[in-house]
$ cat query_36.txt   # compact mmCIF, C-alpha atoms
# COMPACT_ATOMS: atom_id res chain seq x y z
CA MET A 1 73.09 103.85 76.43
CA PRO A 2 73.26 104.59 72.70
CA SER A 3 70.73 102.78 70.55
CA ASN A 4 73.40 101.06 68.47
CA SER A 5 75.06 99.54 71.54
CA GLN A 6 74.58 95.89 72.42
CA PRO A 7 72.13 95.09 75.23
CA ILE A 8 74.15 94.87 78.43
CA MET A 9 72.28 91.72 79.47
CA HIS A 10 73.36 89.98 76.25
CA VAL A 11 76.97 91.08 76.79
CA ILE A 12 77.01 89.85 80.40
CA PHE A 13 75.45 86.56 79.27
CA LEU A 14 78.18 85.99 76.67
CA ILE A 15 80.99 86.93 79.04
CA PHE A 16 79.97 84.80 81.99
CA THR A 17 78.61 81.81 80.09
CA GLY A 18 81.75 81.76 77.99
CA THR A 19 83.90 82.24 81.08
CA ALA A 20 82.20 79.33 82.83
CA LEU A 21 82.90 77.04 79.86
CA LEU A 22 86.53 78.13 79.35
CA SER A 23 87.26 78.12 83.08
CA THR A 24 85.99 74.55 83.33
CA ALA A 25 88.29 73.52 80.51
CA ALA A 26 91.16 75.47 82.11
CA LEU A 27 90.74 73.66 85.44
CA PHE A 28 90.63 70.23 83.79
CA THR A 29 93.83 71.03 81.87
CA ARG A 30 95.45 72.80 84.88
CA GLN A 31 95.64 76.19 83.19
CA SER A 32 95.36 79.65 84.77
CA LEU A 33 91.84 81.07 85.05
CA LEU A 34 93.11 84.58 84.26
CA VAL A 35 94.43 83.32 80.93
CA ALA A 36 90.98 81.83 80.21
CA TYR A 37 89.36 85.23 80.80
CA ILE A 38 91.78 86.97 78.41
CA ALA A 39 91.44 84.19 75.80
CA LEU A 40 87.65 84.49 75.86
CA GLY A 41 87.92 88.24 75.23
CA ALA A 42 90.15 87.63 72.23
CA LEU A 43 87.74 84.96 70.95
CA LEU A 44 84.49 86.94 71.28
CA GLY A 45 85.82 90.48 70.79
CA PRO A 46 85.78 92.70 67.68
CA TYR A 47 89.01 91.14 66.37
CA GLY A 48 87.77 87.58 66.90
CA LEU A 49 84.23 86.30 66.33
CA LYS A 50 82.80 89.84 66.80
CA ALA A 51 80.15 88.56 69.19
CA ILE A 52 80.86 91.60 71.42
CA SER A 53 81.79 94.92 69.84
CA ASP A 54 81.14 97.49 72.61
CA THR A 55 84.56 97.09 74.26
CA PRO A 56 84.87 100.67 75.63
CA LEU A 57 81.80 100.05 77.80
CA ILE A 58 83.13 96.65 78.88
CA ASN A 59 86.49 98.20 79.72
CA GLU A 60 84.89 100.90 81.87
CA VAL A 61 82.81 98.36 83.74
CA GLY A 62 85.84 96.11 84.17
CA ASN A 63 87.84 98.92 85.74
CA MET A 64 85.48 98.71 88.70
CA GLY A 65 87.18 95.43 89.51
CA ILE A 66 90.52 97.20 89.94
CA ILE A 67 88.91 99.76 92.24
CA PHE A 68 87.38 97.10 94.50
CA LEU A 69 90.58 95.04 94.42
CA LEU A 70 92.65 97.97 95.69
CA PHE A 71 90.01 98.78 98.31
CA LEU A 72 90.19 95.22 99.66
CA LEU A 73 93.98 95.37 99.63
CA GLY A 74 93.88 98.45 101.80
CA LEU A 75 91.53 96.70 104.23
CA ASP A 76 94.15 93.99 104.79
CA LEU A 77 96.94 96.42 105.73
CA GLN A 78 97.56 98.20 109.00
CA PRO A 79 98.66 101.81 108.32
CA SER A 80 101.74 101.54 110.56
CA SER A 81 102.97 98.41 108.75
CA LEU A 82 102.34 99.98 105.36
CA LEU A 83 104.27 103.17 106.21
CA HIS A 84 107.22 101.08 107.38
CA SER A 85 107.17 99.07 104.15
CA LEU A 86 106.85 102.22 102.01
CA ARG A 87 109.95 103.71 103.61
CA LYS A 88 111.81 100.46 103.12
CA MET A 89 110.72 99.98 99.50
CA SER A 90 111.03 103.55 98.15
CA LEU A 91 114.65 103.15 97.06
CA ILE A 92 113.95 99.72 95.56
CA ALA A 93 111.02 101.09 93.54
CA LEU A 94 113.13 103.96 92.17
CA ILE A 95 116.22 101.88 91.36
CA SER A 96 114.25 99.05 89.75
CA SER A 97 112.19 101.51 87.68
CA LEU A 98 115.38 103.15 86.41
CA ILE A 99 116.89 99.77 85.48
CA PHE A 100 113.78 98.67 83.56
CA LEU A 101 113.58 102.08 81.85
CA ILE A 102 117.17 101.71 80.59
CA PHE A 103 116.56 98.19 79.29
CA GLY A 104 113.33 99.27 77.57
CA ILE A 105 115.10 102.17 75.88
CA GLY A 106 117.86 99.80 74.80
CA ILE A 107 115.34 97.45 73.18
CA GLY A 108 113.66 100.39 71.45
CA LYS A 109 116.97 101.56 70.00
CA LEU A 110 117.85 98.02 68.96
CA CYS A 111 114.55 97.75 67.06
CA GLY A 112 115.07 101.10 65.34
CA PHE A 113 112.18 102.95 67.00
CA SER A 114 112.02 106.76 66.94
CA ALA A 115 113.30 108.71 69.95
CA MET A 116 109.80 109.31 71.36
CA ALA A 117 108.73 105.71 70.73
CA THR A 118 111.89 104.47 72.43
CA PHE A 119 111.13 106.60 75.48
CA VAL A 120 107.52 105.39 75.69
CA VAL A 121 108.65 101.76 75.35
CA GLY A 122 111.17 102.38 78.13
CA ILE A 123 108.63 103.79 80.57
CA SER A 124 106.16 101.02 79.75
CA MET A 125 108.74 98.55 81.09
CA MET A 126 109.05 100.33 84.44
CA PHE A 127 105.87 99.03 86.05
CA SER A 128 104.52 95.67 87.23
CA SER A 129 100.88 94.64 87.25
CA THR A 130 98.94 95.45 90.41
CA ILE A 131 96.10 93.22 89.22
CA ILE A 132 98.20 90.12 88.48
CA GLY A 133 100.44 90.56 91.50
CA ILE A 134 97.64 90.97 94.04
CA LYS A 135 95.02 88.72 92.47
CA LEU A 136 97.44 85.77 92.74
CA LEU A 137 98.56 86.57 96.28
CA PRO A 138 96.95 84.59 99.14
CA THR A 139 95.99 86.62 102.21
CA THR A 140 95.54 83.82 104.74
CA ILE A 141 99.20 82.94 105.31
CA LEU A 142 101.35 84.98 107.67
CA HIS A 143 104.34 84.81 105.33
CA HIS A 144 102.28 86.16 102.46
CA GLN A 145 100.92 88.99 104.58
CA HIS A 146 104.54 90.17 104.87
CA THR A 147 105.10 89.44 101.18
CA GLY A 148 101.92 91.34 100.39
CA GLU A 149 103.02 94.40 102.37
CA LEU A 150 106.30 94.57 100.46
CA MET A 151 104.63 94.00 97.09
CA ILE A 152 101.91 96.58 97.70
CA SER A 153 104.49 99.14 98.79
CA ILE A 154 106.43 98.67 95.55
CA LEU A 155 103.26 98.70 93.44
CA LEU A 156 101.89 101.79 95.16
CA LEU A 157 105.12 103.69 94.57
CA GLN A 158 105.12 102.51 90.95
CA ASP A 159 101.54 103.73 90.56
CA ILE A 160 102.56 107.20 91.77
CA ILE A 161 105.43 107.24 89.26
CA ALA A 162 103.05 106.05 86.51
CA ILE A 163 100.59 108.86 87.22
CA ALA A 164 103.42 111.39 87.00
CA VAL A 165 104.46 109.84 83.67
CA LEU A 166 100.91 110.11 82.34
CA LEU A 167 100.83 113.79 83.27
CA ILE A 168 104.10 114.31 81.40
CA LEU A 169 102.81 112.46 78.34
CA HIS A 170 99.68 114.60 78.26
CA ALA A 171 101.82 117.72 78.55
CA ALA A 172 104.29 116.52 75.91
CA SER A 173 101.44 116.09 73.44
CA ASP A 174 100.89 119.86 73.75
CA HIS A 175 104.68 120.48 73.71
CA LEU A 176 104.43 122.03 77.16
CA LEU A 177 105.39 120.37 80.42
CA SER A 178 102.92 121.34 83.13
CA TRP A 179 105.07 121.53 86.24
CA HIS A 180 102.04 122.88 88.07
CA GLY A 181 100.19 119.65 87.27
CA ILE A 182 103.13 117.51 88.36
CA GLY A 183 103.47 119.50 91.57
CA THR A 184 99.77 119.03 92.25
CA LEU A 185 100.33 115.26 92.26
CA PHE A 186 102.64 115.45 95.27
CA ILE A 187 100.23 117.73 97.11
CA ALA A 188 97.10 115.75 96.27
CA PHE A 189 98.34 112.40 97.60
CA PRO A 190 99.05 113.43 101.21
CA LEU A 191 95.92 115.61 101.17
CA LEU A 192 93.82 112.62 100.16
CA LEU A 193 95.42 110.56 102.94
CA ALA A 194 94.50 113.24 105.48
CA MET A 195 90.92 113.40 104.16
CA GLY A 196 90.55 109.64 104.35
CA TYR A 197 91.78 109.49 107.94
CA THR A 198 89.61 112.43 109.05
CA PHE A 199 86.36 111.17 107.51
CA GLN A 200 86.96 107.64 108.77
CA ARG A 201 87.60 108.77 112.34
CA PHE A 202 84.85 111.34 112.73
CA LEU A 203 82.13 110.01 110.40
CA LEU A 204 82.51 106.36 109.37
CA ALA A 205 83.71 104.94 112.69
CA PRO A 206 80.77 106.38 114.69
CA LEU A 207 78.26 105.22 112.06
CA MET A 208 79.69 101.70 111.97
CA ALA A 209 79.82 101.51 115.76
CA ARG A 210 76.13 102.43 115.97
CA PHE A 211 74.79 100.27 113.12
CA ASP A 212 77.31 97.40 112.90
CA SER A 213 74.55 94.81 113.48
CA ILE A 214 72.79 95.83 110.24
CA HIS A 215 75.00 94.06 107.73
CA GLU A 216 73.21 95.38 104.66
CA TYR A 217 73.89 98.95 105.79
CA ILE A 218 77.60 98.22 106.41
CA PHE A 219 77.84 96.67 102.94
CA ILE A 220 76.27 99.73 101.28
CA LEU A 221 78.26 102.19 103.39
CA SER A 222 81.58 100.51 102.55
CA ILE A 223 80.84 100.55 98.79
CA GLY A 224 79.82 104.19 98.98
CA TRP A 225 82.99 105.07 100.93
CA CYS A 226 85.18 103.22 98.40
CA LEU A 227 83.61 104.89 95.36
CA CYS A 228 83.52 108.31 97.05
CA MET A 229 87.27 108.23 97.72
CA ALA A 230 87.92 106.88 94.21
CA GLU A 231 85.99 109.75 92.64
CA THR A 232 87.64 112.30 94.95
CA ALA A 233 91.07 111.03 93.92
CA HIS A 234 90.09 111.34 90.26
CA MET A 235 88.98 114.95 90.76
CA MET A 236 92.30 115.71 92.48
CA GLY A 237 94.31 114.40 89.50
CA LEU A 238 95.13 110.99 90.99
CA SER A 239 93.79 107.62 89.86
CA GLU A 240 90.58 106.06 91.14
CA GLU A 241 92.60 103.03 92.21
CA ILE A 242 94.77 105.07 94.60
CA GLY A 243 91.64 106.66 96.09
CA ALA A 244 90.08 103.24 96.67
CA PHE A 245 93.32 101.95 98.21
CA ILE A 246 93.44 104.88 100.66
CA ALA A 247 89.76 104.26 101.49
CA GLY A 248 90.67 100.70 102.46
CA ILE A 249 93.72 101.75 104.47
CA ALA A 250 91.57 104.22 106.41
CA LEU A 251 89.26 101.37 107.51
CA ALA A 252 91.97 98.75 108.07
CA SER A 253 92.29 99.37 111.82
CA HIS A 254 88.52 99.09 112.38
CA PRO A 255 87.38 95.68 113.73
CA ILE A 256 84.64 95.42 111.07
CA SER A 257 87.16 95.60 108.21
CA LEU A 258 87.39 91.78 108.06
CA TYR A 259 83.63 91.47 107.51
CA ILE A 260 83.72 94.17 104.79
CA ALA A 261 86.59 92.42 103.02
CA GLU A 262 84.77 89.07 102.96
CA SER A 263 81.45 90.55 101.81
CA LEU A 264 82.99 92.48 98.90
CA LYS A 265 85.09 89.64 97.42
CA PRO A 266 82.30 88.31 95.12
CA LEU A 267 81.65 91.83 93.81
CA ARG A 268 85.36 92.31 93.13
CA ASP A 269 85.63 89.00 91.26
CA PHE A 270 82.59 89.82 89.10
CA PHE A 271 84.18 93.02 87.80
CA LEU A 272 87.68 91.51 87.47
CA VAL A 273 86.37 88.84 85.09
CA ILE A 274 85.03 91.65 82.88
CA PHE A 275 88.33 93.56 83.18
CA PHE A 276 90.44 90.66 81.91
CA PHE A 277 87.89 89.90 79.21
CA ALA A 278 88.21 93.51 77.98
CA ILE A 279 92.01 93.23 77.82
CA GLY A 280 91.74 90.28 75.42
CA ALA A 281 88.90 91.84 73.42
CA GLU A 282 90.72 95.10 72.69
CA PHE A 283 93.84 93.61 71.10
CA ASN A 284 94.07 93.75 67.29
CA PHE A 285 95.77 90.52 66.21
CA SER A 286 96.29 91.75 62.63
CA TYR A 287 99.38 93.65 63.86
CA LEU A 288 101.16 90.50 65.07
CA PRO A 289 103.15 89.75 61.88
CA SER A 290 104.88 93.15 62.06
CA ILE A 291 105.46 93.34 65.81
CA TRP A 292 106.32 89.80 66.90
CA LEU A 293 110.09 90.34 67.27
CA PRO A 294 110.06 93.48 69.48
CA THR A 295 107.13 91.95 71.38
CA LEU A 296 109.17 88.85 72.22
CA LEU A 297 112.19 90.96 73.18
CA LEU A 298 110.23 93.19 75.53
CA ALA A 299 108.29 90.32 77.09
CA GLY A 300 111.37 88.12 77.44
CA VAL A 301 113.42 90.83 79.13
CA ALA A 302 110.57 91.69 81.52
CA LEU A 303 109.93 88.06 82.47
CA LEU A 304 113.60 87.25 83.04
CA LEU A 305 114.95 90.56 84.35
CA LYS A 306 112.26 91.58 86.86
CA PRO A 307 112.55 88.52 89.13
CA LEU A 308 116.34 88.87 89.16
CA VAL A 309 116.36 92.63 89.82
CA PHE A 310 113.67 92.60 92.51
CA GLY A 311 115.18 89.49 94.10
CA PHE A 312 118.64 91.07 94.26
CA LEU A 313 117.43 94.43 95.58
CA LEU A 314 115.17 92.87 98.21
CA ASN A 315 117.97 90.58 99.35
CA ARG A 316 120.18 93.65 99.83
CA THR A 317 117.57 95.09 102.24
CA GLY A 318 117.66 92.00 104.44
CA GLU A 319 114.91 89.86 102.92
CA SER A 320 115.72 86.18 102.46
CA ARG A 321 116.57 84.98 98.96
CA PRO A 322 113.39 82.83 98.62
CA VAL A 323 111.11 85.71 99.67
CA GLY A 324 112.95 88.21 97.45
CA PHE A 325 112.83 85.96 94.40
CA GLU A 326 109.18 85.05 95.00
CA ILE A 327 108.24 88.75 95.09
CA GLY A 328 110.29 89.23 91.92
CA VAL A 329 108.40 86.43 90.16
CA ARG A 330 105.04 87.80 91.33
CA LEU A 331 106.05 91.23 89.96
CA GLY A 332 107.65 89.77 86.84
CA GLN A 333 105.32 91.20 84.20
CA ILE A 334 104.48 94.49 82.49
CA SER A 335 101.63 96.53 83.97
CA GLU A 336 98.09 97.48 83.02
CA PHE A 337 99.44 101.01 83.50
CA SER A 338 101.65 100.29 80.50
CA LEU A 339 98.51 99.58 78.47
CA LEU A 340 97.14 102.94 79.54
CA ILE A 341 100.43 104.66 78.68
CA SER A 342 100.35 103.14 75.19
CA TYR A 343 96.72 104.28 74.72
CA VAL A 344 97.53 107.84 75.81
CA ALA A 345 100.71 108.07 73.73
CA SER A 346 98.93 106.67 70.67
CA SER A 347 95.84 108.87 70.99
CA THR A 348 98.02 111.98 71.29
CA GLN A 349 100.10 110.80 68.29
CA LEU A 350 103.33 110.55 70.25
CA ILE A 351 103.73 107.00 68.94
CA THR A 352 102.31 105.06 65.99
CA PRO A 353 99.65 102.33 66.37
CA THR A 354 102.34 99.75 65.60
CA ILE A 355 104.38 100.80 68.65
CA ALA A 356 101.23 100.92 70.79
CA TYR A 357 100.27 97.38 69.81
CA THR A 358 103.85 96.22 70.44
CA ILE A 359 103.59 97.43 74.04
CA GLN A 360 100.13 95.91 74.40
CA ALA A 361 101.18 92.55 72.94
CA ALA A 362 104.23 92.39 75.20
CA THR A 363 102.06 93.23 78.20
CA LEU A 364 99.53 90.51 77.37
CA LEU A 365 102.30 87.96 76.81
CA THR A 366 103.86 88.72 80.20
CA PHE A 367 100.42 88.50 81.82
CA ILE A 368 99.96 84.99 80.44
CA VAL A 369 103.46 83.65 81.16
CA SER A 370 103.66 85.29 84.58
CA CYS A 371 100.29 83.79 85.56
CA TYR A 372 101.51 80.33 84.64
CA TRP A 373 104.79 80.80 86.51
CA VAL A 374 103.10 81.95 89.72
CA VAL A 375 100.20 79.50 89.60
CA LEU A 376 102.44 76.48 89.00
CA ARG A 377 105.11 77.37 91.58
CA TYR A 378 103.64 79.46 94.42
CA PRO A 379 100.51 79.45 96.59
CA THR A 380 97.65 81.36 94.93
CA PRO A 381 93.85 81.47 95.13
CA LEU A 382 93.74 80.20 91.51
CA ALA A 383 96.22 77.32 91.79
CA SER A 384 95.32 74.20 89.86
CA THR A 385 96.45 71.86 92.68
CA GLU A 386 95.20 71.58 96.27
CA ARG A 387 98.78 71.79 97.57
CA LEU A 388 99.22 75.36 96.28
CA ARG A 389 95.65 76.66 96.48
CA ARG A 390 95.33 79.35 99.16
CA ASP A 391 92.63 82.01 99.41

$ encode --input "query_36.txt" --output "structure tokens"
Amino acid sequence: MPSNSQPIMHVIFLIFTGTALLSTAALFTRQSLLVAYIALGALLGPYGLKAISDTPLINEVGNMGIIFLLFLLGLDLQPSSLLHSLRKMSLIALISSLIFLIFGIGIGKLCGFSAMATFVVGISMMFSSTIIGIKLLPTTILHHQHTGELMISILLLQDIIAIAVLLILHAASDHLLSWHGIGTLFIAFPLLLAMGYTFQRFLLAPLMARFDSIHEYIFILSIGWCLCMAETAHMMGLSEEIGAFIAGIALASHPISLYIAESLKPLRDFFLVIFFFAIGAEFNFSYLPSIWLPTLLLAGVALLLKPLVFGFLLNRTGESRPVGFEIGVRLGQISEFSLLISYVASSTQLITPTIAYTIQAATLLTFIVSCYWVVLRYPTPLASTERLRRD
């Protein structure tokens, strides 16, 4: 670590001591814990009290939480059920993404953004948050296992679209669309699936069958498998999150997957706290006076439109209205992928910092409001009342 960086022990102390205090206050006032994590980041970060300034490091560490979250999601899904849901949800993911793209472009034009900025704003509206959607979804209720399968199918398809968009943005910054790179995406994904299945069947399954009584070994092996697939996905041009998700899917049919899922939950939560802290810490609040109107427009349209669109489309596929609308509410926010898209577009000078912070502010606002909506109305692990609290 560079000499001018803050000691990691001091940073961890500030994050988790502060989180403990704010989370206690949040529970007493029946607020969402995720909002407390983001608020602490804004308070202690470089644009707040400046107690923590090394946000790139914090962000990288926090991304581990996403990787473990997707790995655990994969462990909860049987491959046959997931493939059925993917086929069922593919048209919904494409149609909904197109609708949100059109509305985002319309808002960009209404606000007088440039053509490129309007396009980036439009694509930032296409995706919902994997982290918010899944973190607030209970896994112990049969109904929510079905809900989870549908949600994960939509989110996985959105992630694939988002990766393709990121490739296009990188190419557009060089004024050259790399169709070879885009084509590689559609080759890499099924190849990674095949690799995951092969290694699980001929290497992991025999090892786990032989040493399943040594829990420490199973714990280490599962972490190594998750991170190995995440890194392999990254080298193939996909995201680490997709690699971790495939690693989980590959193990889902193994009887020991339930033990792995339970043992990794504390590790996942540790990194997710840091992830949400980093989101709050990286936002520059000095831009708010100049971006508040487009921020409210984007956030308002996302929060109102996404539940209606997803609810309608799911109802057309045979899902009941309550289930369709609940999935819509749980997906009713802008995505962390949208934050990444704004970072990439800003760093390659496709959009100005003002547009980037508009997207980021709208994303944060939808995170906060969506968390409240879900926590107060539907069963979640972070509900403030016993009636709705489900792990």

$ residues_around --input "query_36.txt" --residues "region 370-383 of chain A" --least-positions-apart "2" --cutoff "8 Å" --atoms "all atoms listed in the file" --output "list in words"
Gln31, Ser32, Leu33, Leu34, Val35, Ile132, Lys135, Leu136, Leu137, Pro138, Leu303, Glu326, Val329, Arg330, Gly332, Gln333, Thr366, Phe367, Ile368, Thr385, Glu386, Arg387, Leu388, Arg389, Arg390 and Asp391 of chain A

$ residues_near_point --input "query_36.txt" --point "(93.5, 105.1, 93.6)" --cutoff "9 Å" --atoms "only C-alpha atoms" --output "ChimeraX atom specification"
/A:67,70-71,159,229-231,233-234,238-247

$ atom_distance --input "query_36.txt" --atom1 "CA of Leu339 (chain A)" --atom2 "CA of Leu57 (chain A)"
16.7 Å

$ atom_distance --input "query_36.txt" --atom1 "CA of Leu83 (chain A)" --atom2 "CA of Gly318 (chain A)"
17.5 Å

$ residues_around --input "query_36.txt" --residues "Tyr259 (chain A)" --least-positions-apart "5" --cutoff "10 Å" --atoms "all atoms listed in the file" --output "mmCIF file with C-alpha atoms, in the coordinates of the input"
data_model
loop_
_atom_site.group_PDB
_atom_site.id
_atom_site.type_symbol
_atom_site.label_atom_id
_atom_site.label_comp_id
_atom_site.auth_asym_id
_atom_site.auth_seq_id
_atom_site.Cartn_x
_atom_site.Cartn_y
_atom_site.Cartn_z
ATOM 1 C CA HIS A 215 75.000 94.060 107.730
ATOM 2 C CA ILE A 218 77.600 98.220 106.410
ATOM 3 C CA PHE A 219 77.840 96.670 102.940
ATOM 4 C CA LEU A 264 82.990 92.480 98.900
#

$ residues_near_point --input "query_36.txt" --point "(85.1, 96.0, 87.7)" --cutoff "10 Å" --atoms "all atoms listed in the file" --output "VMD selection string"
chain A and resid 58 to 69 267 to 276

$ closest_residue --input "query_36.txt" --among "A:Leu305, A:Phe277, A:Gly74, A:Ala39" --to "Leu101 (chain A)" --atoms "only C-alpha atoms"
A:Leu305

$ closest_residue --input "query_36.txt" --among "A:Leu364, A:Ala115, A:Ile260, A:Ile163" --to "Phe285 (chain A)" --atoms "all atoms listed in the file"
A:Leu364

$ closest_residue --input "query_36.txt" --among "A:Asn284, A:Ser153, A:Thr363, A:Thr147" --to "Arg87 (chain A)" --atoms "only C-alpha atoms"
A:Ser153

$ closest_residue --input "query_36.txt" --among "A:Leu297, A:Ile12, A:Ala194, A:Ile359" --to "Ser346 (chain A)" --atoms "only C-alpha atoms"
A:Ile359

$ build_atoms --input "query_36.txt" --residues "region 84-104 of chain A" --atoms "N, CA and C atoms" --output "CSV table (one decimal), in the frame of the given file"
chain,number,residue,atom,x,y,z
A,84,HIS,N,105.9,101.7,107.2
A,84,HIS,CA,107.2,101.1,107.4
A,84,HIS,C,107.7,100.5,106.1
A,85,SER,N,106.8,99.7,105.4
A,85,SER,CA,107.2,99.1,104.2
A,85,SER,C,107.4,100.1,103.0
A,86,LEU,N,106.6,101.2,103.0
A,86,LEU,CA,106.8,102.2,102.0
A,86,LEU,C,108.2,102.8,102.2
A,87,ARG,N,108.6,103.1,103.4
A,87,ARG,CA,110.0,103.7,103.6
A,87,ARG,C,111.0,102.7,103.2
A,88,LYS,N,110.8,101.5,103.5
A,88,LYS,CA,111.8,100.5,103.1
A,88,LYS,C,111.9,100.2,101.6
A,89,MET,N,110.8,100.3,100.9
A,89,MET,CA,110.7,100.0,99.5
A,89,MET,C,110.9,101.2,98.5
A,90,SER,N,111.0,102.4,99.0
A,90,SER,CA,111.0,103.6,98.2
A,90,SER,C,112.3,103.5,97.3
A,91,LEU,N,113.4,103.2,97.8
A,91,LEU,CA,114.6,103.2,97.1
A,91,LEU,C,114.6,102.0,96.1
A,92,ILE,N,114.1,100.9,96.5
A,92,ILE,CA,114.0,99.7,95.6
A,92,ILE,C,113.1,100.1,94.4
A,93,ALA,N,111.9,100.7,94.6
A,93,ALA,CA,111.0,101.1,93.5
A,93,ALA,C,111.7,102.0,92.5
A,94,LEU,N,112.5,103.0,93.0
A,94,LEU,CA,113.1,104.0,92.2
A,94,LEU,C,114.3,103.3,91.4
A,95,ILE,N,115.1,102.5,92.0
A,95,ILE,CA,116.2,101.9,91.4
A,95,ILE,C,115.7,100.9,90.3
A,96,SER,N,114.8,100.1,90.7
A,96,SER,CA,114.2,99.0,89.8
A,96,SER,C,113.6,99.7,88.5
A,97,SER,N,112.8,100.8,88.8
A,97,SER,CA,112.2,101.5,87.7
A,97,SER,C,113.2,102.1,86.7
A,98,LEU,N,114.3,102.6,87.3
A,98,LEU,CA,115.4,103.2,86.4
A,98,LEU,C,116.0,102.0,85.6
A,99,ILE,N,116.3,100.9,86.2
A,99,ILE,CA,116.9,99.8,85.5
A,99,ILE,C,116.0,99.3,84.3
A,100,PHE,N,114.7,99.1,84.6
A,100,PHE,CA,113.8,98.7,83.6
A,100,PHE,C,113.6,99.7,82.5
A,101,LEU,N,113.6,101.0,82.8
A,101,LEU,CA,113.6,102.1,81.8
A,101,LEU,C,114.8,102.0,80.9
A,102,ILE,N,116.0,101.8,81.4
A,102,ILE,CA,117.2,101.7,80.6
A,102,ILE,C,117.1,100.5,79.6
A,103,PHE,N,116.7,99.4,80.2
A,103,PHE,CA,116.6,98.2,79.3
A,103,PHE,C,115.5,98.4,78.2
A,104,GLY,N,114.4,99.0,78.6
A,104,GLY,CA,113.3,99.3,77.6
A,104,GLY,C,113.8,100.2,76.5
